[in-house]
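Below is one structure, written out as structure tokens; comments come after it.
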Amino acid sequence: MITSRLTTKAQTTIPQPVRSALQLKEGDEIAYAIEGDHVVIRKAQPAVPTDDPFATFSEWDGEADRKAYGSL
């Protein structure tokens, strides 16, 4: 079992094996589901803004794309 310690401010670090398994990176949101006496942690699905018609094209939302097309 993988464990982590809770700080005095109720914070913890998500262990590397968990971050890898969920493919978490900086800025990602995490969703928690309480199921009886345990909690399930998942990578939250990002909300797609309805006012952005290009939001569905997330595969083109990389750093290289922002550099290439950011000034257009």
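In the structure tokens, the first chain shown is A, the next is B, and so on; residue numbers restart at 1 for each chain, and ligands run from 1 in the order shown.
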
Those of chain A in DSSP strand (DSSP E or B), formatted as number ranges by chain
A: 30-35, 38-43

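Nearest-residue note for Arg19 of chain A: choosing from A:Gly62, A:Ala68, A:Arg42, A:Glu35, the minimum distance belongs to A:Arg42, counting only C-alpha atoms.
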
Which of chain A fall in alpha helix (DSSP H), as a PyMOL selection string:
chain A and resi 16-22+63-69

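Using only C-alpha atoms, the shortest contact distance between Leu24 of chain A and any of A:His38, A:Lys67, A:Arg5, A:Lys43 is found at A:Lys43.
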
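Relative to atom CA of Asp28 of chain A, atom CA of Gln16 of chain A is found at 14.5 Å.
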